[in-house]
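Below is one structure; the comments refer to it alone.
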Amino acid sequence: MIKRLATGLAVLWAAATASYIALLLAPGDTIDILIGDGADTPEIRAKIIAEWGLDRPEIVQYLSYLWRLLHGDLGRSYQLQRGVGEILTTQVGPTVQLTLAAAGAGVVLACVIAIVTAGRGRWLRGAASAAELVSVSVPPFLIGIVLLSVFSFTLGWFPVSGAQGPRSLVLPALALGLPVAGVLGQVLRGGLERALEQPFAVTARARGLTERALVARHALRHALIPAVTLAGWFTGTLLGGAVITEVLFGRPGLGQVAMQAVTGRDMPVVMAVVLLSAVAYVTISTLLDLAYRVIDPRIRADR
């Protein structure tokens with residue numbers, strides 16, 4: 001765990017450094033870049049120089065930037081005239097809600113499809129594989145457009161945009177979660193089929209255990225190891241897809257903030273979103289390392 005934590009800290013340092021270097025390499029004066037499309041006055045320029053230490057050597061500026069991050073100071077948006085931390089805090093809730101709902105939908109769909117189709121007839125497995133391939137190949141925004149066309153514009157079952165109530169969360173969560181379900185479903189089905197051929201499965205059948213009980217009690221746990229490995233991948237997929245999904249469905253959240261910051265050249269906000277994404281990725285990766293030990297006790301024994 002010490003090694004895992006050290007690796008996570010190194011990733012966070014790399015993300016913070018990369019965003020800082022991107023600020024320095026951006027064309028134009030650093031003060032102009034930080035102001036972006038906001039008001040430009042001598043007082044604001046003086047505040048920027050004092051906050052970022054632009055009147056000091058570059059190494060001191062960099063170390064001062066890292067020191068502020070360690071103390072939770074993400075800077076200030078000079079376009080919105082608000083602290084970046086305050087901006088992200090007010091918008092992180094809807095994004096967390098969407099990503100959790102999408103992850104839940106993807107995992108549940110993947111488990112159901114894998115359990116129903118594992119070891120079944122060729123036609124059923126072929127149909128499931130085709131559906132999974134389509135869900136993985138089609139970008140989330142196209143899935144979202146199809147879902148909106150059918151279930152909002154045509155049938156009127158769900159609202160077109162906004163974040164008012166659980167019904168407004170269904171279509172965005174499905175648009176974001178279906179690609180995850182496609183990949184996890186393939187991996188889970190393959191893992192289940194391999195597990196059902198292992199000696200412990202033969203022994204369990206000989207003792208009279210039903211096929212459904214064998215899958216639920218034993219085979220599914222063995223199949224979860226490769227699926228959990230992919231959880232780090234779909235964390236990045238969900239974080240990246242949330243930007244487009246929130247814009248498409250008109251939902252508030254970090255996606256809207258990131259899009260507005262990029263189009264408005266609000267670099268402090270862009271840098272903070274990059275760092276926040278890295279924090280989320282490192283945190284989930286660390287939790288996954290703990291999940292390996294819970295799912296497979298052999299990992300604890302080996303280490």
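Following the order of the structure tokens, first chain is A, next is B, and so on, with residues numbered from 1 inside each chain and ligands from 1 in the order they appear.
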
### Task
Might you pull out every residue within 10 Å of Ile48 (chain A), with only C-alpha atoms counted and same-chain residues fewer than 5 positions away left off, and present them as number ranges by chain?
A: 30-32, 34-35, 42-43, 53-54, 75-76, 78

### Task
Using DSSP on the backbone, list every residue of region 70-221 of chain A that comes out as strand (DSSP E or B), and give them as a list in words.
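In region 70-221 of chain A, DSSP puts these residues in strand (DSSP E or B): Arg76, Ser77, Arg82 and Gly83 of chain A.
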
Do you have, as a tab-separated table, the list of residues of region 37-134 of chain A lying at most 12 Å from region 140-162 of chain A, each with its nearest atom pair and that distance in Å to one decimal, counting only C-alpha atoms and ordered by chain then number?
```
residue	atom	partner	partner_atom	distance
A:Pro94	CA	A:Gly162	CA	10.7
A:Ala102	CA	A:Pro140	CA	11.3
A:Val134	CA	A:Ile143	CA	10.1
```

Could you turn the residues from that selection into a file that holds all heavy atoms, as a compact mmCIF listing (two decimals), in the first residue's frame?
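Done, and the output landed in out_33.txt:
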```txt
# COMPACT_ATOMS: atom_id res chain seq x y z
N PRO A 94 -23.63 17.26 -9.33
CA PRO A 94 -24.33 16.66 -10.48
C PRO A 94 -23.45 15.72 -11.29
O PRO A 94 -23.93 14.69 -11.80
CB PRO A 94 -24.74 17.88 -11.31
CG PRO A 94 -24.81 19.00 -10.34
CD PRO A 94 -23.74 18.74 -9.34
N ALA A 102 -24.22 6.18 -14.12
CA ALA A 102 -23.75 5.52 -15.34
C ALA A 102 -22.94 4.27 -15.01
O ALA A 102 -23.08 3.23 -15.66
CB ALA A 102 -22.90 6.49 -16.16
N VAL A 134 -21.67 -3.07 -30.72
CA VAL A 134 -22.30 -1.82 -31.14
C VAL A 134 -22.19 -0.78 -30.03
O VAL A 134 -21.85 0.39 -30.28
CB VAL A 134 -23.78 -2.06 -31.51
CG1 VAL A 134 -24.50 -0.73 -31.74
CG2 VAL A 134 -23.87 -2.91 -32.77
```

### Task
Using CA of Arg82 (chain A) and CA of Arg45 (chain A) as the two end points, give the distance in Å to one decimal.
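Going from CA of Arg82 (chain A) over to CA of Arg45 (chain A) covers 15.5 Å.
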
### Message
One decimal, in Å: what's the spacing between CA of Leu5 (chain A) and CA of Val270 (chain A)?
### Response
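CA of Val270 (chain A) lies 25.4 Å from CA of Leu5 (chain A).
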
### Message
Give me, as a list in words, all polymer residues having an atom no more than 9 Å from Glu246 (chain A), counting only C-alpha atoms and skipping those fewer than 4 positions away in the same chain.
### Response
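Non-adjacent residues within range: Thr95, Leu98, Pro172, Gly241, Ala242, Gly250, Arg251, Pro252, Gly253, Leu254, Gly255 and Gln256 of chain A.
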
### Task
Just the helix (DSSP H, G or I) stuff from region 43-274 of chain A, please, per backbone DSSP, written as an NGL selection string.
:A and (43-52 or 58-70 or 84-117 or 122-137 or 140-154 or 167-195 or 199-206 or 211-229 or 231-248 or 254-263 or 267-274)

### Counting only C-alpha atoms, the option among A:Pro268, A:Gly93, A:Gly104, A:Gly182 closest to Val170 (chain A)
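Nearest to Val170 (chain A): A:Gly104.
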
## Note on the structure
Of A:Ala131, A:Leu63, A:Ala173, A:Thr41, the one sitting nearest Ala101 (chain A) when using only C-alpha atoms is A:Ala173

### Task
Would you mind listing what lies within 8 Å of Leu184 (chain A) as a PyMOL selection string, with only C-alpha atoms counted and same-chain residues fewer than 3 positions away left out?
chain A and resi 106-107+110+180-181+187-188+227+230
